[in-house]
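Engineer: Handing over work-v9.tsv, TSV, C-alpha atoms.
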```
chain	number	residue	atom	x	y	z
A	13	MET	CA	-14.89	1.87	2.77
A	14	ASN	CA	-14.43	4.13	5.76
A	15	VAL	CA	-10.97	5.46	6.52
A	16	ILE	CA	-8.74	5.57	9.57
A	17	THR	CA	-8.15	9.27	10.16
A	18	ARG	CA	-5.37	11.12	11.93
A	19	ARG	CA	-7.72	11.97	14.83
A	20	THR	CA	-8.63	8.30	15.29
A	21	LEU	CA	-4.96	7.30	15.31
A	22	ALA	CA	-4.13	9.99	17.84
A	23	CYS	CA	-6.83	8.59	20.17
A	24	LEU	CA	-5.45	5.07	19.77
A	25	ALA	CA	-1.95	6.28	20.54
A	26	LEU	CA	-3.23	8.06	23.68
A	27	LEU	CA	-4.94	4.88	24.86
A	28	PHE	CA	-1.68	3.01	24.42
A	29	LEU	CA	0.26	5.57	26.46
A	30	LEU	CA	-2.32	5.32	29.26
A	31	GLY	CA	-1.73	1.58	29.48
A	32	CYS	CA	-5.15	0.45	28.28
A	33	GLY	CA	-3.71	-2.38	26.26
A	34	SER	CA	-4.75	-1.00	22.88
A	35	PRO	CA	-2.51	-1.80	19.92
A	36	SER	CA	0.02	0.91	19.11
A	37	ALA	CA	-1.49	2.78	16.20
A	38	PRO	CA	0.79	5.35	14.58
A	39	PRO	CA	-0.47	8.89	14.05
A	40	PRO	CA	-0.73	9.24	10.29
A	41	ALA	CA	1.00	11.88	8.30
A	42	ALA	CA	2.23	11.67	4.71
A	43	GLU	CA	4.35	12.08	1.56
A	44	ALA	CA	4.42	10.97	-2.05
A	45	PRO	CA	6.29	8.08	-3.67
A	46	PRO	CA	9.76	9.25	-4.73
A	47	THR	CA	10.38	9.62	-8.42
A	48	ALA	CA	13.49	8.59	-10.29
A	49	GLU	CA	14.90	12.09	-9.71
A	50	ALA	CA	16.80	12.28	-6.43
A	51	SER	CA	15.79	15.92	-6.08
A	52	ALA	CA	12.11	14.98	-6.18
A	53	GLU	CA	12.18	12.51	-3.28
A	54	THR	CA	9.96	14.70	-1.12
A	55	ALA	CA	7.53	15.76	-3.83
A	56	PRO	CA	3.93	14.45	-3.74
A	57	PRO	CA	2.99	11.74	-6.22
A	58	ALA	CA	1.36	12.89	-9.43
A	59	VAL	CA	-0.43	10.96	-12.12
A	60	GLY	CA	2.11	10.13	-14.76
A	61	THR	CA	5.05	10.18	-12.33
A	62	PRO	CA	7.37	7.26	-13.16
A	63	ALA	CA	8.79	5.03	-10.49
A	64	PRO	CA	12.59	5.11	-10.29
A	65	THR	CA	14.56	2.77	-12.51
A	66	ALA	CA	15.25	-0.57	-10.91
A	67	PRO	CA	18.80	-1.54	-10.04
A	68	SER	CA	20.56	-3.59	-12.71
A	69	SER	CA	21.12	-6.50	-10.34
A	70	GLY	CA	18.31	-8.60	-8.83
A	71	ASP	CA	14.66	-8.87	-9.76
A	72	GLY	CA	13.40	-6.48	-7.08
A	73	LEU	CA	11.17	-9.10	-5.47
A	74	PRO	CA	10.97	-9.45	-1.69
A	75	SER	CA	13.55	-12.06	-0.71
A	76	PRO	CA	13.44	-14.18	2.46
A	77	ALA	CA	17.17	-13.54	2.74
A	78	GLU	CA	16.58	-9.78	2.80
A	79	ARG	CA	15.23	-9.24	6.32
A	80	GLY	CA	12.12	-11.24	5.54
A	81	VAL	CA	10.53	-14.65	5.76
A	82	ALA	CA	8.81	-16.72	3.12
A	83	GLN	CA	5.19	-17.58	3.78
A	84	GLY	CA	3.31	-20.57	2.45
A	85	THR	CA	1.15	-18.57	0.04
A	86	GLY	CA	3.25	-15.57	-0.88
A	87	SER	CA	6.26	-13.65	0.39
A	88	LEU	CA	6.78	-11.26	3.25
A	89	ALA	CA	9.77	-8.98	3.85
A	90	VAL	CA	10.72	-5.77	5.63
A	91	LYS	CA	11.61	-2.93	3.25
A	92	SER	CA	11.61	0.86	3.05
A	93	TRP	CA	9.42	2.94	0.75
A	94	ASP	CA	12.42	3.63	-1.48
A	95	GLU	CA	13.02	-0.12	-1.82
A	96	THR	CA	9.34	-0.53	-2.58
A	97	GLN	CA	9.66	1.93	-5.45
A	98	GLN	CA	12.54	-0.14	-6.80
A	99	TRP	CA	10.33	-3.21	-6.59
A	100	ILE	CA	7.62	-1.39	-8.54
A	101	ALA	CA	10.11	-0.34	-11.21
A	102	ALA	CA	11.12	-3.97	-11.67
A	103	GLN	CA	7.52	-4.92	-12.61
A	104	ARG	CA	7.34	-2.84	-15.80
A	105	GLY	CA	5.19	-4.41	-18.46
A	106	LYS	CA	2.47	-5.17	-15.90
A	107	VAL	CA	-0.05	-3.09	-13.99
A	108	VAL	CA	1.03	-2.78	-10.35
A	109	VAL	CA	-1.35	-2.35	-7.41
A	110	VAL	CA	0.11	-1.25	-4.07
A	111	ASP	CA	-2.30	-1.50	-1.15
A	112	VAL	CA	-1.17	0.54	1.88
A	113	TRP	CA	-2.81	-1.01	4.94
A	114	SER	CA	-2.50	-1.89	8.61
A	115	SER	CA	-3.98	-4.53	10.89
A	116	TRP	CA	-5.46	-1.78	13.10
A	117	CYS	CA	-7.34	-0.30	10.12
A	118	VAL	CA	-10.80	-1.87	10.03
A	119	PRO	CA	-11.69	-0.87	6.44
A	120	CYS	CA	-8.26	-2.11	5.30
A	121	ILE	CA	-8.97	-5.54	6.74
A	122	ARG	CA	-12.48	-5.51	5.31
A	123	GLU	CA	-11.22	-4.88	1.77
A	124	PHE	CA	-8.16	-7.13	1.94
A	125	PRO	CA	-10.00	-10.21	0.59
A	126	ASN	CA	-10.87	-8.15	-2.49
A	127	LEU	CA	-7.17	-7.43	-3.03
A	128	VAL	CA	-6.57	-11.18	-2.85
A	129	LYS	CA	-9.37	-11.73	-5.39
A	130	LEU	CA	-7.92	-9.08	-7.72
A	131	ALA	CA	-4.50	-10.77	-7.63
A	132	ARG	CA	-6.10	-14.14	-8.38
A	133	ASP	CA	-8.48	-12.97	-11.11
A	134	HIS	CA	-5.84	-10.94	-12.99
A	135	ALA	CA	-2.78	-13.10	-12.47
A	136	GLY	CA	-0.30	-12.52	-15.28
A	137	ASP	CA	-1.50	-9.00	-16.09
A	138	VAL	CA	-1.57	-7.39	-12.64
A	139	VAL	CA	1.03	-7.56	-9.88
A	140	CYS	CA	-0.26	-6.85	-6.38
A	141	LEU	CA	1.73	-5.73	-3.37
A	142	GLY	CA	0.58	-5.24	0.20
A	143	PHE	CA	2.51	-2.53	2.07
A	144	ASN	CA	1.87	-2.82	5.79
A	145	LEU	CA	2.17	0.08	8.28
A	146	ASP	CA	1.87	-1.75	11.60
A	147	TYR	CA	5.37	-0.65	12.68
A	148	SER	CA	5.06	2.62	14.60
A	149	GLY	CA	8.64	3.08	15.78
A	150	ALA	CA	7.66	2.70	19.44
A	151	ILE	CA	10.43	1.95	21.95
A	152	GLY	CA	11.24	-1.74	21.99
A	153	GLU	CA	9.39	-2.35	18.72
A	154	THR	CA	11.03	-3.47	15.49
A	155	PRO	CA	9.60	-4.00	11.99
A	156	GLU	CA	10.67	-7.63	12.23
A	157	SER	CA	8.47	-8.14	15.28
A	158	PHE	CA	5.46	-7.97	12.94
A	159	LEU	CA	6.63	-10.69	10.55
A	160	ASP	CA	4.93	-13.52	12.44
A	161	PRO	CA	1.50	-11.92	13.11
A	162	ILE	CA	1.28	-10.40	9.64
A	163	GLY	CA	2.49	-13.65	8.10
A	164	ARG	CA	-0.27	-15.58	9.88
A	165	PHE	CA	-2.88	-13.08	8.68
A	166	LEU	CA	-1.65	-13.35	5.07
A	167	ALA	CA	-1.70	-17.15	5.23
A	168	LYS	CA	-5.31	-17.11	6.46
A	169	GLN	CA	-6.21	-14.75	3.62
A	170	ASP	CA	-4.44	-16.99	1.08
A	171	ALA	CA	-2.54	-13.91	-0.07
A	172	ALA	CA	-0.48	-15.45	-2.86
A	173	PHE	CA	1.38	-12.26	-3.78
A	174	SER	CA	4.26	-10.17	-2.44
A	175	ASN	CA	3.87	-8.31	0.84
A	176	LEU	CA	6.10	-5.85	2.65
A	177	ILE	CA	6.24	-4.46	6.16
A	178	SER	CA	7.53	-0.91	6.25
A	179	SER	CA	11.00	-0.59	7.78
A	180	GLU	CA	10.14	3.04	8.49
A	181	PRO	CA	7.66	4.13	11.19
A	182	ALA	CA	4.14	4.56	9.87
A	183	GLU	CA	4.14	8.27	10.64
A	184	ASP	CA	7.17	8.75	8.39
A	185	VAL	CA	5.43	6.95	5.53
A	186	PHE	CA	2.28	9.04	5.95
A	187	GLN	CA	4.43	12.15	5.70
A	188	ARG	CA	6.34	10.90	2.67
A	189	LEU	CA	3.13	10.08	0.82
A	190	GLU	CA	1.33	13.21	2.02
A	191	LEU	CA	-1.38	10.84	3.10
A	192	GLY	CA	-3.91	11.69	5.80
A	193	SER	CA	-5.65	8.34	6.15
A	194	ILE	CA	-5.65	4.71	5.11
A	195	PRO	CA	-6.60	2.57	3.30
A	196	ALA	CA	-4.83	3.90	0.23
A	197	VAL	CA	-4.23	2.13	-3.07
A	198	LEU	CA	-1.66	3.23	-5.66
A	199	ILE	CA	-1.96	1.95	-9.22
A	200	TYR	CA	0.96	2.03	-11.67
A	201	ASP	CA	0.56	1.39	-15.39
A	202	ARG	CA	2.69	-0.91	-17.54
A	203	GLU	CA	5.31	1.82	-17.99
A	204	GLY	CA	5.77	2.17	-14.25
A	205	GLN	CA	3.92	5.49	-14.06
A	206	LEU	CA	1.54	6.30	-11.23
A	207	SER	CA	-1.86	6.16	-12.93
A	208	LYS	CA	-4.13	6.67	-9.92
A	209	ARG	CA	-4.02	6.98	-6.14
A	210	PHE	CA	-7.16	6.03	-4.28
A	211	ASP	CA	-7.60	7.56	-0.84
A	212	ASN	CA	-10.42	9.34	0.93
A	213	ASP	CA	-8.51	12.25	2.45
A	214	ASP	CA	-10.87	14.74	0.78
A	215	ASP	CA	-13.99	12.63	1.35
A	216	LEU	CA	-14.25	12.15	-2.40
A	217	TYR	CA	-15.89	8.75	-1.93
A	218	GLY	CA	-18.18	9.75	0.93
A	219	ASP	CA	-18.74	7.82	4.13
A	220	GLU	CA	-18.48	4.46	2.39
A	221	GLY	CA	-15.09	5.26	0.90
A	222	PHE	CA	-13.65	3.60	-2.18
A	223	THR	CA	-13.85	-0.13	-2.74
A	224	TYR	CA	-12.14	-2.62	-5.01
A	225	GLU	CA	-15.42	-3.66	-6.62
A	226	LYS	CA	-16.75	-0.18	-7.40
A	227	HIS	CA	-13.59	1.81	-8.04
A	228	ILE	CA	-10.25	-0.01	-8.16
A	229	VAL	CA	-11.11	-3.02	-10.34
A	230	PRO	CA	-12.89	-0.92	-13.01
A	231	TRP	CA	-9.90	1.44	-13.18
A	232	ILE	CA	-7.49	-1.47	-13.57
A	233	GLU	CA	-9.61	-3.14	-16.23
A	234	GLN	CA	-9.61	0.07	-18.25
A	235	LEU	CA	-5.83	0.27	-17.89
A	236	LEU	CA	-5.51	-3.27	-19.20
A	237	SER	CA	-7.76	-2.66	-22.17
A	238	ARG	CA	-7.00	0.95	-23.04
A	239	ASP	CA	-5.71	1.91	-26.48
A	240	GLY	CA	-2.62	4.07	-26.92
A	241	ASP	CA	-2.64	7.04	-24.57
A	242	ALA	CA	-6.32	6.84	-23.67
A	243	ALA	CA	-6.61	7.26	-19.89
A	244	PRO	CA	-9.18	5.55	-17.66
A	245	ARG	CA	-12.06	7.67	-16.45
A	246	ASN	CA	-13.06	8.18	-12.84
```
Can you dump the structure from the file as structure tokens?

Structural biologist:
Amino acid sequence: MNVITRRTLACLALLFLLGCGSPSAPPPAAEAPPTAEASAETAPPAVGTPAPTAPSSGDGLPSPAERGVAQGTGSLAVKSWDETQQWIAAQRGKVVVVDVWSSWCVPCIREFPNLVKLARDHAGDVVCLGFNLDYSGAIGETPESFLDPIGRFLAKQDAAFSNLISSEPAEDVFQRLELGSIPAVLIYDREGQLSKRFDNDDDLYGDEGFTYEKHIVPWIEQLLSRDGDAAPRN
């Protein structure tokens, strides 16, 4: 799939400022998921980096009572990236797929049905999470203002898995993940370690970009079937 680059986002933001009626698209920047070590919160993610240990109370799942609303086919809540890492840690024993996306990202929307299919086809072994970056931090905008439109989109997609809207502006998330473009997909193994991050910042996947069918699903299937410490191949 193609990617939404920083230059594209800057153009969209300029159009918005000029009053052209374009949706407010945040200029991407980036950082890595924080590890369990507080001192490593700003470090980039690395393969084999464990997610932080989940809190002893609660199951870590998005709760309608926690700044979110329940949707007919899944769940939708507003949470930070740190809270998302706690959610990931609570899923140990299963492979976790975190899809970082936005409604203004055309390739994200194009591949979203394949995320839905992955969640359906591997229910029980794989836990999927959509992490939405529509919130830009613009004046007068709140993360909660996206609950209804994103909820309607998820219902149409029959997205029967957990979904989060970032409580932090998209630019901040890009910086934290050291991410230059979306879509991006992070895969954690059963031990809660980051096994693979798919993005096309370095044009590794060419103009087409990575896809669930060609890249993500095969990686996950190898994770599910691998023996001992054998790692999936690219």

Engineer: Do you know which residues lie at most 10 Å from (2.8, -7.8, -17.9), with coordinates as in the file and only C-alpha atoms counted, and could you write them as a list in words?

Structural biologist: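 All residues meeting the 10 Å criterion around (2.8, -7.8, -17.9) are Gln103, Arg104, Gly105, Lys106, Val107, Val108, Ala135, Gly136, Asp137, Val138, Val139, Asp201, Arg202, Glu203 and Leu236 of chain A.
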
Engineer: Between atom CA of Ala171 of chain A and atom CA of Ala150 of chain A, what distance in Å does the model show, to one decimal?

Structural biologist: 27.6 Å

Engineer: Produce a table with one row for each residue of segment 99-175 of chain A that has an atom at most 7 Å from any atom of segment 187-197 of chain A, each row naming the nearest atom pair and its distance in Å at one decimal; use all atoms listed in the file; arrange rows by chain and rising residue number; format as a tab-separated table.

Structural biologist:
```
residue	atom	partner	partner_atom	distance
A:Val109	CA	A:Val197	CA	6.9
A:Val110	CA	A:Val197	CA	5.6
A:Asp111	CA	A:Val197	CA	4.5
A:Val112	CA	A:Ala196	CA	5.2
A:Trp113	CA	A:Pro195	CA	5.5
A:Pro119	CA	A:Pro195	CA	6.9
A:Cys120	CA	A:Pro195	CA	5.4
```

Engineer: Which one is closest to Gly86 of chain A: A:Gly218, A:Gly204, A:Gly149, A:Gly142? Count all atoms listed in the file.

Structural biologist: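 Result for the nearest residue to Gly86 of chain A: A:Gly142.
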
Engineer: One decimal, in Å: what's the spacing between atom CA of Ser178 of chain A and atom CA of Lys91 of chain A?

Structural biologist: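 Value for the atom CA of Ser178 of chain A-atom CA of Lys91 of chain A distance: 5.5 Å.
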
Engineer: Which of these residues is nearest to Ile199 of chain A, using all atoms listed in the file: A:Asp184, A:Cys140, A:Tyr147, A:Asp213?

Structural biologist: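 Closest to Ile199 of chain A, using all atoms listed in the file: A:Cys140.
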
Engineer: Just give me the gap between atom CA of Phe222 of chain A and atom CA of Arg209 of chain A in Å, one decimal is fine.

Structural biologist: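 Pair atom CA of Phe222 of chain A / atom CA of Arg209 of chain A returns 10.9 Å.
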
Engineer: Find the residues around Ala172 of chain A up to 12 Å (all atoms listed in the file counted), leave out those fewer than 3 positions away in its own chain, and share them as a PyMOL selection string.

Structural biologist: chain A and resi 82-88+125+127-133+135+139-142+163+166-169+175
